[in-house]
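Visitor: Could you have a look at this structure, given as structure tokens, before my questions?
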Amino acid sequence: MGSNRYPDIDGARLWQSIEAMGRIGGLPNGGCNRQALTAVDKEGRDLFARWCEAAGARMQIDRFGNQFALRPGTMPELPLVATGSHLDTQPKGGRFDGVYGVLAGLEVLRALADAQVVTRRTIAVVNWTNEEGCRIIAGCTGSGGFAGSISSVEALGTRSIDGTTVAEDLERIGYAGPLGPRAFDISAYVEAHIEQGPILEREGVAIGIVTAVQGARWFRVVVDGTDRHAGTTPFELRQDSLVAAAEAIVAFDALGRKHGPDLRITVGRIEAAPGSINTTPSRTTFTIDLRHPASTMLDAMAGEIERIMQASTARTGTTHAIERLMEIAPVSFDARVADHLRDAAKGLGIQHRDMLSGAFHDACYIAPVAPTAMLFIPCRDGISHAEEEYASPAHCAAGAQVLLSALVELANARPTPADVPPHSFDSGEAGSMYGKTEHKQRVG
Ligand code: HGY
Ligand code: MN
Ligand code: MN
């Protein structure tokens, strides 16, 4: 590592932790299936908690199951500096998406403990609940609940594809914590993540300074037709919901290609009922993931999706309904926090470049309530949400070292008038389960 006036992280220790976490829900081809609030997610959470306590941090849990590992500063009354990401994975996911950011934060705690460095502000490393949104559809439940942009009722009432609510899952795995939304005032949040795209690797640059994230909208479409005998019903008498859905999905793909390179439309999940080989499906349900850097385009494409559905259902004599499941607006990150990341990379002599994120992150939900920025490390061939996902030990170590430098700088920042003392924890036991705690909006 280049000149570094901060403690060195231990790259081998970080890599071992990434490997150990990857074995929890590990898949035969090197990937990971540790979906949110499952028994394996609990195993990963418990391991993370043990590691944090061994590194001298205090663990706190909020009602969304978010894990906050706190390394107290000399002025714990000041708003804290936070880092983190998510330990939940896709069903056939990789070992780095989200996990890297949580464990790079843990490595910062370990390196500061080894060097007995205490910062002015408390440093928190966070594991946010259900960032992926695949088992529990609508991502970022934990960070959205913490920030208050997803209400507690909505967050805890969301049902998984297994039919359980988030509240039931959290109780079952023992992660229904006492703290309410905004349990901590955050003076700066930095999230480290793999790029999940090809740019850094293609340019041979080790660090990406993420300045903005494109917008994302998720929908569920239900197409209704009729059940009819596959052998006796001629086509003109059919109202086949799966044919209507299939026609629309092909049209979405053409729409995406027409409006590229920034537009993304993906149908990742589809179910046809009653699911009998010899009955035309009366109901087909599918999801849409729509992404673009501009809200105006997201609005326009949502309109196009509706138009395409009207055309395919009119032709097939079926009907449809579109439900919006999630909306993450395009986000621009905080220039001052991004500067700290650039300075940290420069101070270490590590090449870096500004970039946007095509993937959404918990940082998107924290940005409205705390100055936020992200750093990326390269991943091989830009592949993510697949078992082939991979980041090198050297890139993992370099990102963690940049993270440590930036966090120490931010955690030693002088108190400013914008610092507000943390408000009392909204325990939730006082019947204020869904009440809002009184907290002053931080200025600046
Ligand atoms: O879908 C996303 O952008 C994130 O990786 N969950
Ligand atoms: Mn992620
Ligand atoms: Mn992901």
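Ordered as shown in the structure tokens, chains take letters A, B, and onward, while each chain numbers its residues from 1 and ligands are numbered from 1 in the order shown.
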Write out as a Markdown table the residues of chain A that have any atom within 7 Å of an atom of ligand 2, one row each with the nearest atom pair and its distance in Å to one decimal, counting only C-alpha atoms and all ligand atoms, sorted by chain and then rising number.
Guide:
```
| residue | atom | partner | partner_atom_place_in_ligand_line | distance |
| --- | --- | --- | --- | --- |
| A:His86 | CA | ligand 2 | 1 (Mn) | 6.6 |
| A:Asp97 | CA | ligand 2 | 1 (Mn) | 4.6 |
| A:Gly98 | CA | ligand 2 | 1 (Mn) | 4.2 |
| A:Glu131 | CA | ligand 2 | 1 (Mn) | 6.7 |
| A:Glu132 | CA | ligand 2 | 1 (Mn) | 6.7 |
| A:His193 | CA | ligand 2 | 1 (Mn) | 6.9 |
| A:His361 | CA | ligand 2 | 1 (Mn) | 5.7 |
```
Visitor: Would you write out those residues with all heavy atoms, as a compact mmCIF listing (two decimals), in the first residue's frame?
Guide:
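The resulting file, out-v1.txt, is shown below:
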```txt
# COMPACT_ATOMS: atom_id res chain seq x y z
N HIS A 86 -24.84 -5.00 2.97
CA HIS A 86 -25.83 -6.05 3.31
C HIS A 86 -25.20 -7.44 3.21
O HIS A 86 -24.34 -7.68 2.36
CB HIS A 86 -27.02 -5.96 2.37
CG HIS A 86 -26.67 -6.08 0.91
ND1 HIS A 86 -26.68 -7.29 0.23
CD2 HIS A 86 -26.27 -5.17 0.00
CE1 HIS A 86 -26.32 -7.10 -1.03
NE2 HIS A 86 -26.05 -5.81 -1.19
N ASP A 97 -21.18 -9.25 -3.38
CA ASP A 97 -22.23 -8.23 -3.44
C ASP A 97 -22.77 -8.00 -2.02
O ASP A 97 -23.34 -8.90 -1.41
CB ASP A 97 -23.35 -8.75 -4.37
CG ASP A 97 -24.55 -7.82 -4.41
OD1 ASP A 97 -24.53 -6.77 -3.74
OD2 ASP A 97 -25.51 -8.16 -5.13
N GLY A 98 -22.53 -6.82 -1.49
CA GLY A 98 -22.99 -6.46 -0.14
C GLY A 98 -22.03 -6.93 0.93
O GLY A 98 -21.58 -6.15 1.79
N GLU A 131 -31.46 -6.08 1.55
CA GLU A 131 -31.17 -5.11 0.47
C GLU A 131 -31.62 -5.69 -0.85
O GLU A 131 -32.13 -4.99 -1.72
CB GLU A 131 -29.66 -4.83 0.43
CG GLU A 131 -29.26 -3.73 -0.51
CD GLU A 131 -29.07 -4.20 -1.94
OE1 GLU A 131 -29.05 -5.41 -2.19
OE2 GLU A 131 -28.97 -3.33 -2.83
N GLU A 132 -31.44 -7.00 -1.06
CA GLU A 132 -31.64 -7.58 -2.39
C GLU A 132 -33.10 -7.57 -2.84
O GLU A 132 -33.39 -7.42 -4.02
CB GLU A 132 -31.10 -9.02 -2.42
CG GLU A 132 -29.59 -9.11 -2.31
CD GLU A 132 -28.86 -8.57 -3.54
OE1 GLU A 132 -29.53 -8.16 -4.50
OE2 GLU A 132 -27.63 -8.52 -3.52
N HIS A 193 -18.49 -1.24 -2.02
CA HIS A 193 -19.24 -2.27 -2.76
C HIS A 193 -18.46 -2.66 -4.01
O HIS A 193 -17.63 -1.90 -4.51
CB HIS A 193 -20.61 -1.69 -3.18
CG HIS A 193 -21.68 -2.71 -3.37
ND1 HIS A 193 -21.74 -3.52 -4.46
CD2 HIS A 193 -22.72 -3.08 -2.58
CE1 HIS A 193 -22.80 -4.32 -4.36
NE2 HIS A 193 -23.41 -4.07 -3.23
N HIS A 361 -28.36 0.64 -3.96
CA HIS A 361 -27.67 0.23 -2.72
C HIS A 361 -28.37 0.83 -1.51
O HIS A 361 -29.15 1.79 -1.66
CB HIS A 361 -26.21 0.71 -2.75
CG HIS A 361 -25.45 0.21 -3.93
ND1 HIS A 361 -24.93 -1.05 -4.00
CD2 HIS A 361 -25.14 0.80 -5.12
CE1 HIS A 361 -24.33 -1.22 -5.16
NE2 HIS A 361 -24.46 -0.12 -5.88
```
Visitor: Per residue of chain A within 12 Å of ligand 3, what are the shortest atom pair and its distance in Å to one decimal, counting only C-alpha atoms and all ligand atoms, with rows by chain and residue number, as JSON lines?
Guide:
```
{"residue": "A:Cys32", "atom": "CA", "partner": "ligand 3", "partner_atom_place_in_ligand_line": "1 (Mn)", "distance": 11.9}
{"residue": "A:Asn33", "atom": "CA", "partner": "ligand 3", "partner_atom_place_in_ligand_line": "1 (Mn)", "distance": 12.0}
{"residue": "A:Arg34", "atom": "CA", "partner": "ligand 3", "partner_atom_place_in_ligand_line": "1 (Mn)", "distance": 11.9}
{"residue": "A:Gln35", "atom": "CA", "partner": "ligand 3", "partner_atom_place_in_ligand_line": "1 (Mn)", "distance": 11.0}
{"residue": "A:Ala36", "atom": "CA", "partner": "ligand 3", "partner_atom_place_in_ligand_line": "1 (Mn)", "distance": 11.8}
{"residue": "A:Ser85", "atom": "CA", "partner": "ligand 3", "partner_atom_place_in_ligand_line": "1 (Mn)", "distance": 10.3}
{"residue": "A:His86", "atom": "CA", "partner": "ligand 3", "partner_atom_place_in_ligand_line": "1 (Mn)", "distance": 8.9}
{"residue": "A:Leu87", "atom": "CA", "partner": "ligand 3", "partner_atom_place_in_ligand_line": "1 (Mn)", "distance": 10.0}
{"residue": "A:Asp88", "atom": "CA", "partner": "ligand 3", "partner_atom_place_in_ligand_line": "1 (Mn)", "distance": 8.6}
{"residue": "A:Thr89", "atom": "CA", "partner": "ligand 3", "partner_atom_place_in_ligand_line": "1 (Mn)", "distance": 6.7}
{"residue": "A:Gln90", "atom": "CA", "partner": "ligand 3", "partner_atom_place_in_ligand_line": "1 (Mn)", "distance": 6.7}
{"residue": "A:Pro91", "atom": "CA", "partner": "ligand 3", "partner_atom_place_in_ligand_line": "1 (Mn)", "distance": 10.5}
{"residue": "A:Lys92", "atom": "CA", "partner": "ligand 3", "partner_atom_place_in_ligand_line": "1 (Mn)", "distance": 10.8}
{"residue": "A:Gly93", "atom": "CA", "partner": "ligand 3", "partner_atom_place_in_ligand_line": "1 (Mn)", "distance": 7.9}
{"residue": "A:Gly94", "atom": "CA", "partner": "ligand 3", "partner_atom_place_in_ligand_line": "1 (Mn)", "distance": 8.8}
{"residue": "A:Arg95", "atom": "CA", "partner": "ligand 3", "partner_atom_place_in_ligand_line": "1 (Mn)", "distance": 10.6}
{"residue": "A:Phe96", "atom": "CA", "partner": "ligand 3", "partner_atom_place_in_ligand_line": "1 (Mn)", "distance": 9.3}
{"residue": "A:Asp97", "atom": "CA", "partner": "ligand 3", "partner_atom_place_in_ligand_line": "1 (Mn)", "distance": 5.6}
{"residue": "A:Gly98", "atom": "CA", "partner": "ligand 3", "partner_atom_place_in_ligand_line": "1 (Mn)", "distance": 6.8}
{"residue": "A:Val99", "atom": "CA", "partner": "ligand 3", "partner_atom_place_in_ligand_line": "1 (Mn)", "distance": 9.9}
{"residue": "A:Tyr100", "atom": "CA", "partner": "ligand 3", "partner_atom_place_in_ligand_line": "1 (Mn)", "distance": 11.5}
{"residue": "A:Gly101", "atom": "CA", "partner": "ligand 3", "partner_atom_place_in_ligand_line": "1 (Mn)", "distance": 11.9}
{"residue": "A:Asn130", "atom": "CA", "partner": "ligand 3", "partner_atom_place_in_ligand_line": "1 (Mn)", "distance": 10.0}
{"residue": "A:Glu131", "atom": "CA", "partner": "ligand 3", "partner_atom_place_in_ligand_line": "1 (Mn)", "distance": 7.3}
{"residue": "A:Glu132", "atom": "CA", "partner": "ligand 3", "partner_atom_place_in_ligand_line": "1 (Mn)", "distance": 5.2}
{"residue": "A:Gly133", "atom": "CA", "partner": "ligand 3", "partner_atom_place_in_ligand_line": "1 (Mn)", "distance": 8.6}
{"residue": "A:Cys134", "atom": "CA", "partner": "ligand 3", "partner_atom_place_in_ligand_line": "1 (Mn)", "distance": 9.3}
{"residue": "A:Gly139", "atom": "CA", "partner": "ligand 3", "partner_atom_place_in_ligand_line": "1 (Mn)", "distance": 9.2}
{"residue": "A:Cys140", "atom": "CA", "partner": "ligand 3", "partner_atom_place_in_ligand_line": "1 (Mn)", "distance": 10.3}
{"residue": "A:His193", "atom": "CA", "partner": "ligand 3", "partner_atom_place_in_ligand_line": "1 (Mn)", "distance": 9.8}
{"residue": "A:Ile194", "atom": "CA", "partner": "ligand 3", "partner_atom_place_in_ligand_line": "1 (Mn)", "distance": 9.7}
{"residue": "A:Glu195", "atom": "CA", "partner": "ligand 3", "partner_atom_place_in_ligand_line": "1 (Mn)", "distance": 10.4}
{"residue": "A:Gln196", "atom": "CA", "partner": "ligand 3", "partner_atom_place_in_ligand_line": "1 (Mn)", "distance": 8.4}
{"residue": "A:Gly197", "atom": "CA", "partner": "ligand 3", "partner_atom_place_in_ligand_line": "1 (Mn)", "distance": 11.7}
{"residue": "A:Ser357", "atom": "CA", "partner": "ligand 3", "partner_atom_place_in_ligand_line": "1 (Mn)", "distance": 11.8}
{"residue": "A:Gly358", "atom": "CA", "partner": "ligand 3", "partner_atom_place_in_ligand_line": "1 (Mn)", "distance": 10.7}
{"residue": "A:Ala359", "atom": "CA", "partner": "ligand 3", "partner_atom_place_in_ligand_line": "1 (Mn)", "distance": 7.2}
{"residue": "A:Phe360", "atom": "CA", "partner": "ligand 3", "partner_atom_place_in_ligand_line": "1 (Mn)", "distance": 7.8}
{"residue": "A:His361", "atom": "CA", "partner": "ligand 3", "partner_atom_place_in_ligand_line": "1 (Mn)", "distance": 7.8}
{"residue": "A:Asp362", "atom": "CA", "partner": "ligand 3", "partner_atom_place_in_ligand_line": "1 (Mn)", "distance": 10.3}
{"residue": "A:Ile383", "atom": "CA", "partner": "ligand 3", "partner_atom_place_in_ligand_line": "1 (Mn)", "distance": 11.0}
{"residue": "A:Ser384", "atom": "CA", "partner": "ligand 3", "partner_atom_place_in_ligand_line": "1 (Mn)", "distance": 7.4}
{"residue": "A:His385", "atom": "CA", "partner": "ligand 3", "partner_atom_place_in_ligand_line": "1 (Mn)", "distance": 6.1}
{"residue": "A:Ala386", "atom": "CA", "partner": "ligand 3", "partner_atom_place_in_ligand_line": "1 (Mn)", "distance": 9.7}
{"residue": "A:Glu389", "atom": "CA", "partner": "ligand 3", "partner_atom_place_in_ligand_line": "1 (Mn)", "distance": 10.9}
```
Visitor: From the set A:Gln60, A:Thr119, A:Ser149, A:Thr129, which residue has the shortest atom-to-atom contact distance to ligand 1, counting only C-alpha atoms and all ligand atoms?
Guide: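 Distance minimum relative to ligand 1 lands on A:Thr129.
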Visitor: Leaving out Asp343 (chain A) and any residue of its chain fewer than 5 positions from it, which residues lie within 9 Å of it when counting only C-alpha atoms, given as a list in words?
Guide: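 Near Asp343 (chain A), the qualifying residues are Ala338, Leu348, Val402, Ser405 and Ala406 of chain A.
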Visitor: I want to know what sits within 12 Å of Ala302 (chain A), based on only C-alpha atoms, with residues of the same chain fewer than 2 positions away left out; could you give that as an mmCIF file with N, CA, C and O atoms, in the first residue's frame?
Guide:
```cif
data_model
loop_
_atom_site.group_PDB
_atom_site.id
_atom_site.type_symbol
_atom_site.label_atom_id
_atom_site.label_comp_id
_atom_site.auth_asym_id
_atom_site.auth_seq_id
_atom_site.Cartn_x
_atom_site.Cartn_y
_atom_site.Cartn_z
ATOM 1 N N ALA A 216 -34.565 3.296 -9.860
ATOM 2 C CA ALA A 216 -35.084 1.930 -10.063
ATOM 3 C C ALA A 216 -36.544 1.894 -9.651
ATOM 4 O O ALA A 216 -36.926 2.502 -8.637
ATOM 5 N N ARG A 217 -37.353 1.203 -10.471
ATOM 6 C CA ARG A 217 -38.761 0.985 -10.108
ATOM 7 C C ARG A 217 -39.078 -0.487 -10.352
ATOM 8 O O ARG A 217 -38.689 -1.046 -11.375
ATOM 9 N N TRP A 218 -39.769 -1.097 -9.397
ATOM 10 C CA TRP A 218 -40.177 -2.491 -9.527
ATOM 11 C C TRP A 218 -41.709 -2.552 -9.595
ATOM 12 O O TRP A 218 -42.393 -1.804 -8.881
ATOM 13 N N PHE A 219 -42.211 -3.418 -10.462
ATOM 14 C CA PHE A 219 -43.657 -3.601 -10.614
ATOM 15 C C PHE A 219 -44.010 -5.083 -10.552
ATOM 16 O O PHE A 219 -43.185 -5.940 -10.889
ATOM 17 N N PHE A 252 -41.175 -5.527 -24.210
ATOM 18 C CA PHE A 252 -40.353 -4.759 -23.245
ATOM 19 C C PHE A 252 -38.879 -4.828 -23.657
ATOM 20 O O PHE A 252 -38.137 -3.848 -23.593
ATOM 21 N N LEU A 255 -38.260 -2.522 -26.387
ATOM 22 C CA LEU A 255 -38.308 -1.144 -25.878
ATOM 23 C C LEU A 255 -36.965 -0.779 -25.242
ATOM 24 O O LEU A 255 -36.404 0.295 -25.492
ATOM 25 N N GLY A 256 -36.435 -1.714 -24.456
ATOM 26 C CA GLY A 256 -35.149 -1.451 -23.792
ATOM 27 C C GLY A 256 -34.042 -1.251 -24.808
ATOM 28 O O GLY A 256 -33.228 -0.328 -24.680
ATOM 29 N N LEU A 263 -31.185 2.602 -20.589
ATOM 30 C CA LEU A 263 -32.429 2.012 -20.081
ATOM 31 C C LEU A 263 -32.240 0.521 -19.818
ATOM 32 O O LEU A 263 -31.549 -0.175 -20.555
ATOM 33 N N ARG A 264 -32.838 0.061 -18.708
ATOM 34 C CA ARG A 264 -32.811 -1.375 -18.387
ATOM 35 C C ARG A 264 -34.233 -1.808 -18.041
ATOM 36 O O ARG A 264 -34.901 -1.158 -17.225
ATOM 37 N N ILE A 265 -34.721 -2.870 -18.692
ATOM 38 C CA ILE A 265 -36.023 -3.453 -18.332
ATOM 39 C C ILE A 265 -35.812 -4.954 -18.211
ATOM 40 O O ILE A 265 -35.295 -5.582 -19.139
ATOM 41 N N ILE A 288 -41.385 -6.710 -13.012
ATOM 42 C CA ILE A 288 -40.589 -5.859 -13.917
ATOM 43 C C ILE A 288 -39.625 -5.032 -13.076
ATOM 44 O O ILE A 288 -40.019 -4.453 -12.057
ATOM 45 N N ASP A 289 -38.364 -5.033 -13.495
ATOM 46 C CA ASP A 289 -37.339 -4.176 -12.876
ATOM 47 C C ASP A 289 -36.953 -3.145 -13.943
ATOM 48 O O ASP A 289 -36.424 -3.513 -14.982
ATOM 49 N N LEU A 290 -37.290 -1.878 -13.692
ATOM 50 C CA LEU A 290 -37.065 -0.775 -14.652
ATOM 51 C C LEU A 290 -36.018 0.168 -14.074
ATOM 52 O O LEU A 290 -36.117 0.566 -12.900
ATOM 53 N N ARG A 291 -34.981 0.500 -14.877
ATOM 54 C CA ARG A 291 -33.924 1.376 -14.353
ATOM 55 C C ARG A 291 -33.545 2.434 -15.398
ATOM 56 O O ARG A 291 -33.499 2.152 -16.604
ATOM 57 N N HIS A 292 -33.246 3.635 -14.912
ATOM 58 C CA HIS A 292 -32.706 4.689 -15.784
ATOM 59 C C HIS A 292 -32.173 5.813 -14.897
ATOM 60 O O HIS A 292 -32.707 6.023 -13.799
ATOM 61 N N SER A 295 -35.511 10.426 -13.898
ATOM 62 C CA SER A 295 -36.892 10.151 -13.478
ATOM 63 C C SER A 295 -37.868 10.356 -14.628
ATOM 64 O O SER A 295 -38.843 9.628 -14.759
ATOM 65 N N THR A 296 -37.567 11.350 -15.488
ATOM 66 C CA THR A 296 -38.489 11.613 -16.613
ATOM 67 C C THR A 296 -38.574 10.388 -17.521
ATOM 68 O O THR A 296 -39.634 10.033 -18.017
ATOM 69 N N MET A 297 -37.437 9.726 -17.723
ATOM 70 C CA MET A 297 -37.446 8.513 -18.560
ATOM 71 C C MET A 297 -38.164 7.367 -17.829
ATOM 72 O O MET A 297 -38.897 6.587 -18.450
ATOM 73 N N LEU A 298 -37.974 7.275 -16.531
ATOM 74 C CA LEU A 298 -38.680 6.225 -15.777
ATOM 75 C C LEU A 298 -40.190 6.433 -15.913
ATOM 76 O O LEU A 298 -40.945 5.484 -16.161
ATOM 77 N N ASP A 299 -40.624 7.698 -15.809
ATOM 78 C CA ASP A 299 -42.066 7.983 -15.983
ATOM 79 C C ASP A 299 -42.520 7.582 -17.388
ATOM 80 O O ASP A 299 -43.537 6.899 -17.566
ATOM 81 N N ALA A 300 -41.740 7.983 -18.385
ATOM 82 C CA ALA A 300 -42.124 7.706 -19.788
ATOM 83 C C ALA A 300 -42.168 6.197 -20.044
ATOM 84 O O ALA A 300 -43.108 5.673 -20.665
ATOM 85 N N GLU A 304 -45.049 3.499 -21.236
ATOM 86 C CA GLU A 304 -44.892 2.564 -22.366
ATOM 87 C C GLU A 304 -45.252 1.137 -21.924
ATOM 88 O O GLU A 304 -45.869 0.372 -22.677
ATOM 89 N N ILE A 305 -44.859 0.782 -20.713
ATOM 90 C CA ILE A 305 -45.182 -0.557 -20.194
ATOM 91 C C ILE A 305 -46.703 -0.737 -20.137
ATOM 92 O O ILE A 305 -47.247 -1.750 -20.581
ATOM 93 N N GLU A 306 -47.386 0.286 -19.654
ATOM 94 C CA GLU A 306 -48.857 0.231 -19.583
ATOM 95 C C GLU A 306 -49.433 0.084 -20.994
ATOM 96 O O GLU A 306 -50.308 -0.750 -21.263
ATOM 97 N N ARG A 307 -48.896 0.840 -21.961
ATOM 98 C CA ARG A 307 -49.415 0.795 -23.344
ATOM 99 C C ARG A 307 -49.213 -0.599 -23.930
ATOM 100 O O ARG A 307 -50.103 -1.187 -24.537
ATOM 101 N N ILE A 308 -48.054 -1.180 -23.696
ATOM 102 C CA ILE A 308 -47.763 -2.521 -24.226
ATOM 103 C C ILE A 308 -48.702 -3.555 -23.591
ATOM 104 O O ILE A 308 -49.240 -4.433 -24.278
ATOM 105 N N MET A 309 -48.963 -3.408 -22.308
ATOM 106 C CA MET A 309 -49.868 -4.353 -21.639
ATOM 107 C C MET A 309 -51.281 -4.216 -22.213
ATOM 108 O O MET A 309 -51.966 -5.215 -22.442
ATOM 109 N N ILE A 322 -51.291 -3.502 -12.978
ATOM 110 C CA ILE A 322 -49.864 -3.270 -12.675
ATOM 111 C C ILE A 322 -49.773 -2.632 -11.292
ATOM 112 O O ILE A 322 -50.421 -1.613 -11.033
ATOM 113 N N GLU A 323 -48.980 -3.263 -10.405
ATOM 114 C CA GLU A 323 -48.791 -2.729 -9.039
ATOM 115 C C GLU A 323 -47.324 -2.283 -8.881
ATOM 116 O O GLU A 323 -46.413 -3.017 -9.261
ATOM 117 N N ARG A 324 -47.103 -1.043 -8.380
ATOM 118 C CA ARG A 324 -45.716 -0.602 -8.162
ATOM 119 C C ARG A 324 -45.242 -1.159 -6.822
ATOM 120 O O ARG A 324 -45.872 -0.947 -5.793
ATOM 121 N N GLU A 327 -39.852 2.026 -5.442
ATOM 122 C CA GLU A 327 -39.314 3.103 -6.262
ATOM 123 C C GLU A 327 -38.119 3.725 -5.545
ATOM 124 O O GLU A 327 -38.258 4.177 -4.410
#
```
Visitor: Please indicate the distance in Å from CA of Ala104 (chain A) to CA of Leu14 (chain A), rounded to one decimal place.
Guide: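 For CA of Ala104 (chain A) relative to CA of Leu14 (chain A), the distance reads 6.9 Å.
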Visitor: Rank A:Thr266, A:Ser241, A:Asn66, A:Asn29 by their smallest atom-to-atom distance to ligand 1, using only C-alpha atoms and all ligand atoms, and report the top residue only.
Guide: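 Closest candidate: A:Thr266.
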Visitor: Residues of region 319-427 of chain A in strand (DSSP E or B) according to DSSP, as a VMD selection string?
Guide: chain A and resid 319 to 328 331 to 332 352 to 357 372 to 377
Visitor: What separation in Å, quoted to one decimal, exists between CA of Gly44 (chain A) and CA of Ile207 (chain A)?
Guide: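 Interatomic distance here is 27.0 Å.
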Visitor: Residues near Met374 (chain A), anyone? I mean within 6 Å using only C-alpha atoms, not counting same-chain ones fewer than 3 positions away, as number ranges by chain.
Guide: A: 190-192, 210
Visitor: Under the rule that only C-alpha atoms and all ligand atoms are counted, which of A:Val222, A:Ile18, A:Ile136, A:Ile270 is the nearest residue to ligand 1?
Guide: A:Ile136
Visitor: With only C-alpha atoms as the atoms that count, which of A:Arg342, A:Arg283, A:Arg238, A:Arg269 lies nearest to Arg315 (chain A)?
Guide: A:Arg238
Visitor: Can you pull out the residues contacting Leu403 (chain A)? Cut-off 12 Å, using only C-alpha atoms, and skip same-chain residues under 6 positions away; I want them as a ChimeraX atom specification.
Guide: /A:6-9,81-84,100-109,111,123,125,189-193,207-209,337-338,340-345,347-348,373-377,396-397,409-411
Visitor: Could you name the residues that touch Val118 (chain A) at 12 Å or less, counting only C-alpha atoms, but leaving out those on the same chain fewer than 2 positions away, as a list in words?
Guide: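 Here the qualifying residues turn out to be Tyr6, Pro7, Gly56, Arg71, Pro72, Gly73, Thr74, Met75, Pro76, Val108, Leu109, Arg110, Ala111, Leu112, Ala113, Asp114, Ala115, Gln116, Arg120, Arg121, Thr122, Ile123, Leu407, Val408, Glu409, Ala411 and Asn412 of chain A.
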Visitor: Could you check which of A:Ala55, A:Val40, A:Ile328, A:Val250 is closest to ligand 1, using only C-alpha atoms and all ligand atoms?
Guide: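 Closest candidate: A:Ile328.
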Visitor: Figure out the distance between CA of Arg228 (chain A) and CA of Ala246 (chain A), please, to one decimal in Å.
Guide: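 For CA of Ala246 (chain A) relative to CA of Arg228 (chain A), the distance reads 18.0 Å.
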Visitor: For Cys52 (chain A), which of A:Ala69, A:Ala124, A:Ala391, A:Ile24 is the closest residue, counting only C-alpha atoms?
Guide: A:Ala69
Visitor: Taking the DSSP secondary structure from the backbone, can you list the residues of region 226-360 of chain A that are helix (DSSP H, G or I), as a PyMOL selection string?
Guide: chain A and resi 235-237+241-258+295-316+335-347
